[in-house]
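To start, the structure itself, in structure tokens.
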Amino acid sequence: MSTLTLVITAIGSVLILLFLVMKARMHAFVALLLVSVGTGIFSGMPLEKIADTMQAGMGGTLGFLAIVVALGSMFGKVLHETGALDQIATKMIKSFGERRAFLALGIVGLICALPLFFEVAVMLLIGVVFAVARRTGDNLVKLLVPLFAGVAAAAAFLLPGPTPMLLASQMHADYGWMIAIGLAAAIPGMLVAGPLFGSIISRYVTIPMPEDIAAPALKTDALPSFGFSVSLVLFPLILVGLKTIGVRFVAQGSTLYRWMELVGHPFIAILLACLVAIYGLAYRQGMSKDKVMGICSAALQPAGIILLVTGAGGVFKQVLVDSGVGPALGNALIGTGLPIAVACFVLAAAIRIIQGSATVACLTTVGLVMPVITGLGLNGAQLAALSVCIGGGSIVCSHVNDAGFWLFGKLTGATELQTLKTWTLMETILGTTGALVGMVAYTLF
């Protein structure tokens, strides 16, 4: 098939996916699989290979992500139930003072969201915003935007978040560089899109305190220490980072090298962190074995649908690659003269705007650009930088086809117009700022 036909197939498949999810109200999992089959047929793939491609896409995606999501869910749930996340939030607000509480909330969101899904982190931390707002009398917008920016920055750029972890795996990026460049993108992105933008937009948009929400009191008794709580959150990141740095100073193939490779792998790092949280914190607080088991089981329940939809996104990505649609569209974009880092951001942003899901935007973009960058001989740092560019593009211009848009509005009581002025602009500023950092990193490395 011609490049034009394949490109039209790719664009048409995304538009059909948008129609099925938004208008026909078909579940995203079913819609992704159905569109994947249609894309394979209309792109000219041999019919007998379509099912094998779908299986490869599902397995290739979930083979890595399933373990990370399961362990990460349990880790975050234990930290919440033991009060470790509450301790971090309370201490940060006290340290910064009520006048700078909006800045503290951004940092709280960034740190506390590390082991959690975006939706889970928001649900766990939103009560802190209402409590602070009642105490300070500030416009709710000034406090909400920084918190959501911090959580969104962690979800888009920082390991061990599911989306950054998925990107690093699919792009074959170096995990250590992914942590470093992700931090370099997340911190300024959070500061610009959160406290700075929140202070500005709060002059023009006012969201009243929801009357039906009772703000919980911030309690410090019976909580783990602030230092121990932060150490637990950072523990898996430190293990991965030490492996990336340490193996450069150890003889390759030695016993120490092999142990570093094992312990520093995300699977083992999150597993060890989970064990430390359970045995070093939950049991020490006097939790029974049955309660800890219940916490872990409850954490796994919402992970199933996330994994299935993500796996279906991997199916769609694999079909784009094997059908030739991905290489055609990727080469067409590269042929426009856009630098590869800019192309990664633009592609992810375009797919995000069309279909709404940041995860699917990331997976689809990887499928489109991998055939182009495979032969460029990029190192792990450059691949990590491109991953950050994709992550930034995948969150811009969130609107009515994104669950995060409605989550913000429903939790805060904001109207659709207010949500567009606050949440949508915040996501766009955050994604663009982070992607610019990724582009600079790609150029430097």
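Residues in the structure tokens are named by chain (A, B, ... in the order shown) and by number from 1 within that chain; ligands are numbered from 1 in the order shown.
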
Item checked: Selection: 7 Å around Pro224 (chain A), only C-alpha atoms, excl. self and same-chain fewer than 4 positions, as a count of residues only -> 5

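Omitting Met54 (chain A) and its sequence neighbours fewer than 3 positions away, and counting only C-alpha atoms, the residues within 7 Å are Ile50, Ala51, Gly57, Met58, Val315, Gln318 and Val319 of chain A.
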
Generate the output file for the selected residues, N, CA and C atoms, as a compact mmCIF listing (two decimals), in the first residue's frame.
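Saved file out-v4.txt follows:
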```txt
# COMPACT_ATOMS: atom_id res chain seq x y z
N ILE A 50 -3.10 -11.45 11.91
CA ILE A 50 -3.67 -10.40 12.75
C ILE A 50 -3.80 -10.86 14.20
N ALA A 51 -4.34 -12.07 14.41
CA ALA A 51 -4.52 -12.57 15.77
C ALA A 51 -3.19 -12.76 16.48
N GLY A 57 1.16 -8.17 20.99
CA GLY A 57 1.02 -6.84 21.56
C GLY A 57 0.55 -6.87 22.99
N MET A 58 -0.42 -7.73 23.29
CA MET A 58 -0.92 -7.86 24.65
C MET A 58 0.16 -8.41 25.58
N VAL A 315 -1.96 -3.82 22.07
CA VAL A 315 -2.41 -4.54 20.86
C VAL A 315 -2.51 -3.57 19.69
N GLN A 318 0.91 -2.62 18.46
CA GLN A 318 1.60 -3.68 17.73
C GLN A 318 1.04 -3.84 16.31
N VAL A 319 -0.28 -3.68 16.19
CA VAL A 319 -0.89 -3.74 14.86
C VAL A 319 -0.37 -2.60 13.98
```

Notebook entry, point to check: Which residue out of A:Phe267, A:Tyr257, A:Phe29, A:Phe118 has the minimum interatomic distance to Leu407 (chain A) when only C-alpha atoms are used?
Noted result: A:Phe118

Next item on the list: Find, counting only C-alpha atoms, the residue in A:Asn139, A:Thr359, A:Thr336, A:Thr82 that gets nearest to Gly392 (chain A).
Entry: A:Thr359

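Note that CA of Phe64 (chain A) and CA of Val276 (chain A) are 22.1 Å apart.
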
Margin query: I'd like the contact shell of region 376-378 of chain A - 12 Å cut-off, only C-alpha atoms, skipping same-chain residues fewer than 3 positions apart - returned as an NGL selection string.
Written below: :A and (171-174 or 340-341 or 369-373 or 381-386 or 442-443 or 445)

Next item on the list: Find the residues around Met287 (chain A) up to 12 Å (only C-alpha atoms counted), leave out those fewer than 4 positions away in its own chain, and share them as JSON, numbers by chain.
Entry: {"A": [78, 81, 82, 277, 278, 279, 280, 281, 282, 283, 291, 292, 293, 294, 295]}

Note to self: Ranking A:Leu140, A:Ala361, A:Leu338, A:Leu159 by minimum distance to Val69 (chain A) and counting only C-alpha atoms, which one comes first?
What the structure shows: A:Leu159

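Shortest separation to Leu420 (chain A) among A:Gly150, A:Gly264, A:Gly12, A:Gly404 occurs at residue A:Gly404, atoms counted being only C-alpha atoms.
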
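If you measure from each of A:Ala186, A:Ala312, A:Leu300, A:Leu232 to Val437 (chain A) using only C-alpha atoms, the closest one turns out to be A:Ala186.
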
Check: Between A:Ala168, A:Gly337, A:Thr428, A:Ala154, which one has atoms that come closest to Ala185 (chain A), using only C-alpha atoms?
Finding: A:Ala154

Check: Quick one, how far is CA of Leu6 (chain A) from CA of Ala350 (chain A)?
Finding: 17.2 Å

Next item on the list: Identify, on the basis of only C-alpha atoms, every residue whose closest approach to Val192 (chain A) does not exceed 12 Å; exclude the query and any residue fewer than 3 positions from it along the same chain; express the result as an MDAnalysis selection string.
Entry: chainID A and resid 103 106 145:146 149:150 153 185:189 195:200 425:434

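Taking only C-alpha atoms, the non-local environment of Gly313 (chain A) within 8 Å (same-chain residues fewer than 2 positions away omitted) comprises Leu32, Val309, Thr310, Gly311, Val315, Phe316, Lys317, Thr359, Val360, Leu363 and Thr364 of chain A.
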
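We find CA of Leu275 (chain A) and CA of Phe75 (chain A) to be spaced 8.4 Å apart.
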